[in-house]
>>> print(open('input15.cif').read())   # mmCIF, C-alpha atoms
data_final
loop_
_atom_site.label_atom_id
_atom_site.label_comp_id
_atom_site.auth_asym_id
_atom_site.auth_seq_id
_atom_site.Cartn_x
_atom_site.Cartn_y
_atom_site.Cartn_z
CA MET A 160 -214.95 -211.31 -30.63
CA LYS A 161 -212.36 -214.01 -30.06
CA LYS A 162 -210.06 -213.29 -27.12
CA ILE A 163 -206.34 -213.90 -27.10
CA GLN A 164 -205.39 -216.32 -24.35
CA LEU A 165 -202.31 -215.66 -22.24
CA PHE A 166 -201.32 -218.91 -20.54
CA ILE A 167 -199.04 -219.10 -17.51
CA ALA A 168 -196.88 -222.12 -16.74
CA GLY A 169 -194.95 -221.63 -13.52
CA ASP A 170 -194.60 -222.10 -9.79
CA SER A 171 -195.93 -220.56 -6.58
CA THR A 172 -194.52 -217.11 -7.32
CA MET A 173 -196.98 -216.83 -10.23
CA ALA A 174 -199.88 -218.96 -8.99
CA ASP A 175 -203.44 -218.00 -8.05
CA TYR A 176 -204.35 -218.19 -4.35
CA GLU A 177 -207.69 -218.52 -2.63
CA ASP A 178 -209.01 -215.66 -0.51
CA SER A 179 -208.16 -217.75 2.55
CA HIS A 180 -204.46 -217.15 1.77
CA TYR A 181 -204.76 -213.36 1.53
CA PRO A 182 -202.57 -211.29 1.31
CA GLN A 183 -200.49 -213.92 -0.53
CA MET A 184 -200.76 -213.61 -4.30
CA GLY A 185 -198.71 -214.74 -7.25
CA TRP A 186 -197.82 -212.09 -9.77
CA GLY A 187 -199.59 -214.06 -12.47
CA GLN A 188 -202.76 -213.80 -10.41
CA VAL A 189 -202.90 -210.02 -10.83
CA LEU A 190 -201.95 -209.87 -14.52
CA PRO A 191 -205.59 -209.55 -15.64
CA TYR A 192 -205.69 -206.08 -14.00
CA PHE A 193 -203.10 -204.88 -16.52
CA PHE A 194 -204.73 -206.04 -19.73
CA THR A 195 -207.85 -205.03 -21.62
CA ASP A 196 -210.73 -207.46 -21.99
CA GLU A 197 -209.22 -208.65 -25.28
CA ILE A 198 -206.77 -210.77 -23.27
CA LYS A 199 -207.90 -213.76 -21.22
CA VAL A 200 -205.30 -214.88 -18.69
CA GLN A 201 -205.25 -218.65 -18.12
CA ASN A 202 -203.11 -219.21 -15.03
CA HIS A 203 -201.92 -222.80 -14.68
CA ALA A 204 -198.99 -222.00 -12.37
CA ALA A 205 -198.95 -224.21 -9.28
CA SER A 206 -197.09 -224.18 -5.99
CA GLY A 207 -194.03 -226.37 -5.68
CA ARG A 208 -193.78 -227.31 -9.34
CA SER A 209 -190.62 -227.60 -11.37
CA THR A 210 -190.45 -228.13 -15.12
CA LYS A 211 -190.22 -231.86 -14.40
CA SER A 212 -193.22 -232.17 -12.08
CA PHE A 213 -195.32 -229.74 -14.14
CA LEU A 214 -194.89 -232.01 -17.14
CA SER A 215 -195.17 -235.32 -15.28
CA GLU A 216 -198.44 -234.25 -13.66
CA ASN A 217 -199.85 -233.51 -17.14
CA ARG A 218 -200.37 -229.85 -16.33
CA TRP A 219 -198.85 -228.88 -19.66
CA THR A 220 -201.05 -231.43 -21.43
CA GLU A 221 -204.11 -229.74 -19.95
CA MET A 222 -202.88 -226.43 -21.34
CA GLU A 223 -202.35 -227.97 -24.78
CA ARG A 224 -206.01 -228.95 -24.85
CA GLN A 225 -206.91 -225.26 -24.53
CA PHE A 226 -204.28 -223.80 -26.87
CA GLN A 227 -205.50 -221.86 -29.89
CA SER A 228 -203.45 -220.36 -32.66
CA GLY A 229 -202.52 -216.77 -31.82
CA ASP A 230 -202.30 -217.36 -28.06
CA TYR A 231 -199.24 -216.75 -25.86
CA VAL A 232 -197.70 -218.69 -22.98
CA LEU A 233 -195.42 -217.40 -20.23
CA ILE A 234 -192.98 -220.01 -18.93
CA GLN A 235 -191.22 -219.35 -15.63
CA PHE A 236 -189.61 -222.14 -13.63
CA GLY A 237 -186.45 -222.57 -11.60
CA HIS A 238 -187.24 -222.18 -7.91
CA ASN A 239 -188.21 -225.84 -7.59
CA ASP A 240 -185.98 -227.29 -10.28
CA GLN A 241 -183.25 -226.57 -7.72
CA LYS A 242 -184.82 -228.92 -5.19
CA LEU A 243 -183.03 -232.22 -4.60
CA ASP A 244 -186.01 -234.59 -4.58
CA LYS A 245 -186.26 -236.83 -7.63
CA GLU A 246 -189.81 -235.71 -8.42
CA ARG A 247 -188.65 -232.16 -9.17
CA ALA A 248 -184.88 -231.96 -9.56
CA THR A 249 -183.40 -231.04 -12.92
CA ASP A 250 -179.94 -230.10 -14.13
CA PRO A 251 -179.74 -226.55 -15.53
CA PHE A 252 -178.09 -227.27 -18.88
CA THR A 253 -179.53 -230.71 -19.57
CA THR A 254 -182.92 -231.80 -18.20
CA TYR A 255 -184.07 -228.28 -17.30
CA GLN A 256 -183.38 -226.95 -20.77
CA GLU A 257 -184.81 -230.11 -22.34
CA ASN A 258 -188.08 -229.60 -20.47
CA LEU A 259 -188.24 -225.94 -21.42
CA ARG A 260 -187.47 -226.80 -25.04
CA PHE A 261 -190.30 -229.33 -25.03
CA MET A 262 -192.68 -226.59 -23.92
CA ILE A 263 -191.39 -224.20 -26.57
CA VAL A 264 -191.76 -226.73 -29.38
CA SER A 265 -195.18 -227.83 -28.13
CA ALA A 266 -196.46 -224.27 -27.93
CA ARG A 267 -195.21 -223.37 -31.39
CA GLY A 268 -196.74 -226.55 -32.77
CA HIS A 269 -200.13 -225.22 -31.67
CA GLY A 270 -199.50 -221.76 -33.10
CA VAL A 271 -198.88 -220.39 -29.60
CA THR A 272 -196.03 -217.95 -28.95
CA PRO A 273 -193.83 -218.85 -25.96
CA ILE A 274 -192.15 -216.25 -23.75
CA LEU A 275 -189.41 -217.44 -21.39
CA LEU A 276 -188.84 -215.75 -18.04
CA THR A 277 -186.10 -216.14 -15.49
CA SER A 278 -187.28 -216.69 -11.91
CA ILE A 279 -188.10 -213.66 -9.80
CA ALA A 280 -185.58 -212.72 -7.11
CA ARG A 281 -185.71 -213.94 -3.56
CA ARG A 282 -185.36 -211.29 -0.86
CA HIS A 283 -181.98 -212.46 0.47
CA PHE A 284 -179.66 -209.52 1.19
CA ASP A 285 -175.95 -209.68 1.90
CA GLU A 286 -174.16 -207.42 4.36
CA LYS A 287 -173.55 -204.80 1.65
CA GLY A 288 -177.21 -204.42 0.78
CA PHE A 289 -177.13 -206.46 -2.42
CA LEU A 290 -179.24 -209.51 -3.15
CA LYS A 291 -177.53 -212.87 -2.91
CA ASP A 292 -177.49 -215.19 -5.89
CA THR A 293 -179.83 -218.01 -4.88
CA HIS A 294 -180.73 -219.38 -8.32
CA GLY A 295 -177.46 -220.97 -9.42
CA HIS A 296 -177.12 -221.64 -13.15
CA TYR A 297 -180.85 -221.85 -13.90
CA PRO A 298 -181.28 -218.22 -15.04
CA ASP A 299 -178.27 -218.54 -17.36
CA ALA A 300 -179.77 -221.72 -18.77
CA VAL A 301 -182.98 -219.83 -19.59
CA ARG A 302 -181.08 -216.97 -21.24
CA GLN A 303 -178.98 -219.39 -23.28
CA LEU A 304 -181.97 -221.43 -24.43
CA ALA A 305 -183.89 -218.30 -25.43
CA LEU A 306 -181.04 -217.35 -27.77
CA LEU A 307 -180.76 -220.85 -29.21
CA GLU A 308 -184.51 -221.18 -29.78
CA LYS A 309 -185.04 -217.53 -30.75
CA VAL A 310 -187.62 -217.03 -28.01
CA VAL A 311 -188.33 -213.73 -26.28
CA CYS A 312 -186.79 -213.85 -22.80
CA ILE A 313 -187.77 -211.41 -20.09
CA ASP A 314 -185.14 -211.39 -17.37
CA MET A 315 -187.37 -211.12 -14.34
CA LEU A 316 -184.49 -212.06 -12.04
CA GLN A 317 -182.45 -209.06 -13.10
CA LYS A 318 -185.35 -206.63 -13.11
CA THR A 319 -186.84 -207.72 -9.78
CA SER A 320 -183.41 -207.84 -8.15
CA GLU A 321 -182.79 -204.24 -9.15
CA ALA A 322 -186.20 -203.17 -7.86
CA ILE A 323 -185.82 -204.97 -4.52
CA GLU A 324 -182.35 -203.53 -3.98
CA ARG A 325 -183.70 -200.03 -4.64
CA LEU A 326 -186.31 -200.58 -1.96
CA GLY A 327 -183.71 -201.84 0.50
CA LEU A 328 -183.70 -204.32 3.34
CA ASN A 329 -186.69 -203.01 5.29
CA GLU A 330 -188.94 -201.44 2.65
CA SER A 331 -188.76 -204.56 0.48
CA LYS A 332 -190.57 -206.54 3.17
CA LYS A 333 -193.82 -204.94 2.03
CA TRP A 334 -193.59 -206.93 -1.20
CA PHE A 335 -193.14 -210.30 0.48
CA MET A 336 -194.99 -212.38 3.03
CA TRP A 337 -193.58 -210.60 6.05
CA LEU A 338 -196.59 -210.32 8.36
CA GLU A 339 -196.98 -209.25 11.96
CA THR A 340 -198.71 -211.48 14.50
CA ASN A 341 -202.50 -211.19 14.08
CA GLN A 342 -202.09 -208.72 11.22
CA PHE A 343 -204.16 -211.02 8.99
CA SER A 344 -206.67 -213.59 10.20
CA SER A 345 -205.23 -216.26 7.87
CA TYR A 346 -201.81 -215.89 9.51
CA PRO A 347 -202.36 -215.42 13.25
CA ASP A 348 -198.71 -216.24 13.96
CA GLY A 349 -197.44 -213.86 11.28
CA ALA A 350 -194.92 -214.85 8.61
CA LYS A 351 -191.35 -214.22 7.50
CA ASP A 352 -191.15 -215.40 3.91
CA ASP A 353 -188.58 -214.02 1.46
CA THR A 354 -189.83 -215.96 -1.57
CA HIS A 355 -193.58 -215.57 -1.81
CA LEU A 356 -195.35 -212.33 -2.62
CA ARG A 357 -198.13 -210.43 -0.95
CA LYS A 358 -200.56 -208.31 -2.96
CA GLU A 359 -198.29 -205.26 -3.12
CA GLY A 360 -195.39 -207.35 -4.37
CA ALA A 361 -197.51 -209.22 -6.88
CA MET A 362 -198.73 -205.95 -8.38
CA ALA A 363 -195.21 -204.56 -8.48
CA HIS A 364 -193.76 -207.66 -10.13
CA ALA A 365 -196.54 -207.79 -12.69
CA GLY A 366 -195.90 -204.11 -13.36
CA ILE A 367 -192.23 -204.87 -14.02
CA PHE A 368 -193.24 -207.52 -16.55
CA ILE A 369 -195.70 -205.17 -18.23
CA GLN A 370 -193.10 -202.42 -18.45
CA GLU A 371 -190.77 -204.85 -20.20
CA LEU A 372 -193.47 -205.64 -22.76
CA ILE A 373 -193.95 -201.94 -23.42
CA GLU A 374 -190.23 -201.18 -23.74
CA ARG A 375 -189.83 -204.03 -26.22
CA SER A 376 -192.93 -202.97 -28.20
CA HIS A 377 -194.05 -206.57 -27.80
CA PRO A 378 -197.35 -207.41 -29.56
CA LEU A 379 -198.98 -207.99 -26.15
CA SER A 380 -198.23 -204.39 -25.19
CA ARG A 381 -201.05 -203.30 -27.49
CA TYR A 382 -203.50 -204.70 -24.96
CA VAL A 383 -202.05 -203.08 -21.85
CA LYS A 384 -204.27 -200.76 -19.85
CA LYS A 385 -202.96 -197.38 -18.79
CA ILE A 386 -202.07 -198.49 -15.28
CA GLU A 387 -199.19 -196.87 -13.44
CA VAL A 388 -197.39 -199.00 -10.88
CA THR A 389 -195.01 -197.46 -8.40
CA GLU A 390 -192.68 -199.09 -5.91
#
>>> encode(input="input15.cif", output="structure tokens")
Amino acid sequence: MKKIQLFIAGDSTMADYEDSHYPQMGWGQVLPYFFTDEIKVQNHAASGRSTKSFLSENRWTEMERQFQSGDYVLIQFGHNDQKLDKERATDPFTTYQENLRFMIVSARGHGVTPILLTSIARRHFDEKGFLKDTHGHYPDAVRQLALLEKVVCIDMLQKTSEAIERLGLNESKKWFMWLETNQFSSYPDGAKDDTHLRKEGAMAHAGIFIQELIERSHPLSRYVKKIEVTE
């Protein structure tokens, strides 16, 4: 039986990590736990990549070689498109959207259905207990492009922001790479990272994405296992 491939194009928040990095995990890394065997997740997300560097390094080209009609591709960039270095920097409403549009057109040309996602939230609280806006105009650029290109857009920024705020300043640390000294052998000095996810956060973020598929009655929701994820 031919499997449906679910490709992932994204950055470190979605990427796969070796066991040597445990407990760090991208939320794309744990997506296979949520789907039946009829879905094969192909995770091409890579740390530090923007739309510009992902394309220039031919990472999208490698995905194209594997595309088959009936597949899907998740596209989530933004964290590194904000960076100022010329290898990664894009402008939200010009080069960023142009790169995303290229991916959309390419996917559709291969019979693959694209799904756009806004970046997940960073754990940066203000004094009132709300998350700070750290993504600038990039999420709005994704939302706008999705409307223009008639692409499904899952607003991971909004959904993960709401979830993190519900957890609060201290409890939300359990989702991110906040580690005590000598808590994990890979991080003897501990860590205080408000961007990258640990296993619990990866599972929670993937669960948020899955719940969105279900609520939208998206075709991929037919392949979701009966897995309950709690915060």
>>> resolve_selection(input="input15.cif", expression="the PyMOL selection byres ((chain A and resi 326) around 12)", output="PyMOL selection string")
chain A and resi 282+284+288-290+319-325+327-334+360+363+389-390
>>> resolve_selection(input="input15.cif", expression="the PyMOL selection byres ((chain A and resi 183-190) around 8)", output="PyMOL selection string")
chain A and resi 167+171-176+180-182+191-194+200+202+204+336+355-358+360-362+364-365
>>> closest_residue(input="input15.cif", among="A:Thr272, A:Asn239, A:Ser265, A:Ser380", to="A:Phe166", atoms="all atoms listed in the file")
A:Thr272
>>> atom_distance(input="input15.cif", atom1="atom CA of A:Tyr231", atom2="atom CA of A:Ile274")
7.4 Å
>>> atom_distance(input="input15.cif", atom1="atom CA of A:Lys351", atom2="atom CA of A:Asp244")
24.3 Å
>>> resolve_selection(input="input15.cif", expression="the PyMOL selection byres ((chain A and resi 296) around 10)", output="list in words")
Gly237, Gln241, Asp250, Pro251, Phe252, Asp292, Thr293, His294, Gly295, Tyr297, Pro298, Asp299, Ala300 and Val301 of chain A
>>> decode(input="input15.cif", residues="stretch 222-235 of chain A", atoms="all heavy atoms", output="PDB file, in the first residue's frame")
ATOM      1  N   MET A 222      13.866  17.789  -1.631  1.00  0.00           N
ATOM      2  CA  MET A 222      12.494  17.389  -1.375  1.00  0.00           C
ATOM      3  C   MET A 222      11.739  17.148  -2.674  1.00  0.00           C
ATOM      4  O   MET A 222      10.973  16.182  -2.792  1.00  0.00           O
ATOM      5  CB  MET A 222      11.787  18.453  -0.527  1.00  0.00           C
ATOM      6  CG  MET A 222      12.323  18.567   0.886  1.00  0.00           C
ATOM      7  SD  MET A 222      11.683  20.026   1.770  1.00  0.00           S
ATOM      8  CE  MET A 222       9.941  19.753   1.726  1.00  0.00           C
ATOM      9  N   GLU A 223      11.943  18.014  -3.654  1.00  0.00           N
ATOM     10  CA  GLU A 223      11.260  17.868  -4.939  1.00  0.00           C
ATOM     11  C   GLU A 223      11.537  16.506  -5.563  1.00  0.00           C
ATOM     12  O   GLU A 223      10.658  15.924  -6.217  1.00  0.00           O
ATOM     13  CB  GLU A 223      11.708  18.970  -5.902  1.00  0.00           C
ATOM     14  CG  GLU A 223      11.137  20.337  -5.617  1.00  0.00           C
ATOM     15  CD  GLU A 223      11.599  21.361  -6.644  1.00  0.00           C
ATOM     16  OE1 GLU A 223      12.812  21.393  -6.953  1.00  0.00           O
ATOM     17  OE2 GLU A 223      10.745  22.121  -7.119  1.00  0.00           O
ATOM     18  N   ARG A 224      12.745  16.022  -5.370  1.00  0.00           N
ATOM     19  CA  ARG A 224      13.110  14.724  -5.956  1.00  0.00           C
ATOM     20  C   ARG A 224      12.275  13.592  -5.354  1.00  0.00           C
ATOM     21  O   ARG A 224      12.113  12.537  -5.971  1.00  0.00           O
ATOM     22  CB  ARG A 224      14.595  14.427  -5.727  1.00  0.00           C
ATOM     23  CG  ARG A 224      15.543  15.389  -6.428  1.00  0.00           C
ATOM     24  CD  ARG A 224      16.963  14.865  -6.384  1.00  0.00           C
ATOM     25  NE  ARG A 224      17.918  15.816  -6.956  1.00  0.00           N
ATOM     26  CZ  ARG A 224      18.730  16.585  -6.255  1.00  0.00           C
ATOM     27  NH1 ARG A 224      18.726  16.511  -4.924  1.00  0.00           N
ATOM     28  NH2 ARG A 224      19.562  17.419  -6.849  1.00  0.00           N
ATOM     29  N   GLN A 225      11.760  13.824  -4.145  1.00  0.00           N
ATOM     30  CA  GLN A 225      11.006  12.783  -3.447  1.00  0.00           C
ATOM     31  C   GLN A 225       9.488  12.991  -3.516  1.00  0.00           C
ATOM     32  O   GLN A 225       8.719  12.119  -3.125  1.00  0.00           O
ATOM     33  CB  GLN A 225      11.432  12.745  -1.982  1.00  0.00           C
ATOM     34  CG  GLN A 225      12.906  12.477  -1.763  1.00  0.00           C
ATOM     35  CD  GLN A 225      13.292  12.598  -0.307  1.00  0.00           C
ATOM     36  OE1 GLN A 225      12.664  12.021   0.570  1.00  0.00           O
ATOM     37  NE2 GLN A 225      14.326  13.379  -0.030  1.00  0.00           N
ATOM     38  N   PHE A 226       9.064  14.157  -3.996  1.00  0.00           N
ATOM     39  CA  PHE A 226       7.639  14.455  -4.064  1.00  0.00           C
ATOM     40  C   PHE A 226       6.897  13.441  -4.936  1.00  0.00           C
ATOM     41  O   PHE A 226       7.373  13.045  -5.997  1.00  0.00           O
ATOM     42  CB  PHE A 226       7.410  15.846  -4.660  1.00  0.00           C
ATOM     43  CG  PHE A 226       7.624  16.991  -3.702  1.00  0.00           C
ATOM     44  CD1 PHE A 226       7.783  18.285  -4.188  1.00  0.00           C
ATOM     45  CD2 PHE A 226       7.657  16.789  -2.329  1.00  0.00           C
ATOM     46  CE1 PHE A 226       7.971  19.361  -3.332  1.00  0.00           C
ATOM     47  CE2 PHE A 226       7.842  17.855  -1.462  1.00  0.00           C
ATOM     48  CZ  PHE A 226       7.997  19.139  -1.957  1.00  0.00           C
ATOM     49  N   GLN A 227       5.697  13.089  -4.475  1.00  0.00           N
ATOM     50  CA  GLN A 227       4.788  12.269  -5.261  1.00  0.00           C
ATOM     51  C   GLN A 227       3.400  12.879  -5.162  1.00  0.00           C
ATOM     52  O   GLN A 227       3.020  13.438  -4.133  1.00  0.00           O
ATOM     53  CB  GLN A 227       4.754  10.822  -4.741  1.00  0.00           C
ATOM     54  CG  GLN A 227       6.081  10.098  -4.836  1.00  0.00           C
ATOM     55  CD  GLN A 227       6.020   8.688  -4.271  1.00  0.00           C
ATOM     56  OE1 GLN A 227       4.953   8.091  -4.198  1.00  0.00           O
ATOM     57  NE2 GLN A 227       7.170   8.168  -3.861  1.00  0.00           N
ATOM     58  N   SER A 228       2.663  12.780  -6.234  1.00  0.00           N
ATOM     59  CA  SER A 228       1.316  13.327  -6.243  1.00  0.00           C
ATOM     60  C   SER A 228       0.495  12.747  -5.099  1.00  0.00           C
ATOM     61  O   SER A 228       0.518  11.536  -4.864  1.00  0.00           O
ATOM     62  CB  SER A 228       0.635  13.014  -7.578  1.00  0.00           C
ATOM     63  OG  SER A 228      -0.664  13.569  -7.608  1.00  0.00           O
ATOM     64  N   GLY A 229      -0.205  13.634  -4.376  1.00  0.00           N
ATOM     65  CA  GLY A 229      -1.001  13.197  -3.230  1.00  0.00           C
ATOM     66  C   GLY A 229      -0.314  13.427  -1.903  1.00  0.00           C
ATOM     67  O   GLY A 229      -0.931  13.248  -0.851  1.00  0.00           O
ATOM     68  N   ASP A 230       0.957  13.834  -1.934  1.00  0.00           N
ATOM     69  CA  ASP A 230       1.688  14.134  -0.701  1.00  0.00           C
ATOM     70  C   ASP A 230       1.305  15.512  -0.170  1.00  0.00           C
ATOM     71  O   ASP A 230       0.576  16.279  -0.814  1.00  0.00           O
ATOM     72  CB  ASP A 230       3.200  14.102  -0.955  1.00  0.00           C
ATOM     73  CG  ASP A 230       3.738  12.705  -1.246  1.00  0.00           C
ATOM     74  OD1 ASP A 230       3.051  11.727  -0.908  1.00  0.00           O
ATOM     75  OD2 ASP A 230       4.841  12.615  -1.822  1.00  0.00           O
ATOM     76  N   TYR A 231       1.829  15.836   1.016  1.00  0.00           N
ATOM     77  CA  TYR A 231       1.626  17.134   1.656  1.00  0.00           C
ATOM     78  C   TYR A 231       2.977  17.673   2.108  1.00  0.00           C
ATOM     79  O   TYR A 231       3.910  16.910   2.366  1.00  0.00           O
ATOM     80  CB  TYR A 231       0.712  17.010   2.884  1.00  0.00           C
ATOM     81  CG  TYR A 231      -0.715  16.639   2.556  1.00  0.00           C
ATOM     82  CD1 TYR A 231      -1.082  15.313   2.356  1.00  0.00           C
ATOM     83  CD2 TYR A 231      -1.700  17.614   2.434  1.00  0.00           C
ATOM     84  CE1 TYR A 231      -2.386  14.967   2.040  1.00  0.00           C
ATOM     85  CE2 TYR A 231      -3.008  17.280   2.131  1.00  0.00           C
ATOM     86  CZ  TYR A 231      -3.341  15.959   1.932  1.00  0.00           C
ATOM     87  OH  TYR A 231      -4.641  15.624   1.627  1.00  0.00           O
ATOM     88  N   VAL A 232       3.076  19.000   2.230  1.00  0.00           N
ATOM     89  CA  VAL A 232       4.288  19.604   2.769  1.00  0.00           C
ATOM     90  C   VAL A 232       3.917  20.732   3.726  1.00  0.00           C
ATOM     91  O   VAL A 232       3.118  21.611   3.391  1.00  0.00           O
ATOM     92  CB  VAL A 232       5.227  20.113   1.647  1.00  0.00           C
ATOM     93  CG1 VAL A 232       4.539  21.128   0.736  1.00  0.00           C
ATOM     94  CG2 VAL A 232       6.508  20.701   2.243  1.00  0.00           C
ATOM     95  N   LEU A 233       4.487  20.674   4.929  1.00  0.00           N
ATOM     96  CA  LEU A 233       4.343  21.738   5.914  1.00  0.00           C
ATOM     97  C   LEU A 233       5.493  22.713   5.724  1.00  0.00           C
ATOM     98  O   LEU A 233       6.656  22.298   5.630  1.00  0.00           O
ATOM     99  CB  LEU A 233       4.390  21.176   7.340  1.00  0.00           C
ATOM    100  CG  LEU A 233       3.423  20.045   7.684  1.00  0.00           C
ATOM    101  CD1 LEU A 233       3.600  19.638   9.157  1.00  0.00           C
ATOM    102  CD2 LEU A 233       1.998  20.459   7.417  1.00  0.00           C
ATOM    103  N   ILE A 234       5.174  24.009   5.702  1.00  0.00           N
ATOM    104  CA  ILE A 234       6.191  25.037   5.476  1.00  0.00           C
ATOM    105  C   ILE A 234       6.131  26.042   6.618  1.00  0.00           C
ATOM    106  O   ILE A 234       5.155  26.771   6.767  1.00  0.00           O
ATOM    107  CB  ILE A 234       5.954  25.760   4.133  1.00  0.00           C
ATOM    108  CG1 ILE A 234       5.912  24.745   2.981  1.00  0.00           C
ATOM    109  CG2 ILE A 234       7.032  26.806   3.899  1.00  0.00           C
ATOM    110  CD1 ILE A 234       5.454  25.344   1.658  1.00  0.00           C
ATOM    111  N   GLN A 235       7.170  26.038   7.453  1.00  0.00           N
ATOM    112  CA  GLN A 235       7.210  26.960   8.592  1.00  0.00           C
ATOM    113  C   GLN A 235       8.593  27.591   8.713  1.00  0.00           C
ATOM    114  O   GLN A 235       9.565  26.946   9.108  1.00  0.00           O
ATOM    115  CB  GLN A 235       6.873  26.244   9.905  1.00  0.00           C
ATOM    116  CG  GLN A 235       6.898  27.181  11.112  1.00  0.00           C
ATOM    117  CD  GLN A 235       6.759  26.442  12.438  1.00  0.00           C
ATOM    118  OE1 GLN A 235       5.675  26.179  12.892  1.00  0.00           O
ATOM    119  NE2 GLN A 235       7.896  26.099  13.041  1.00  0.00           N
TER     120      GLN A 235
END
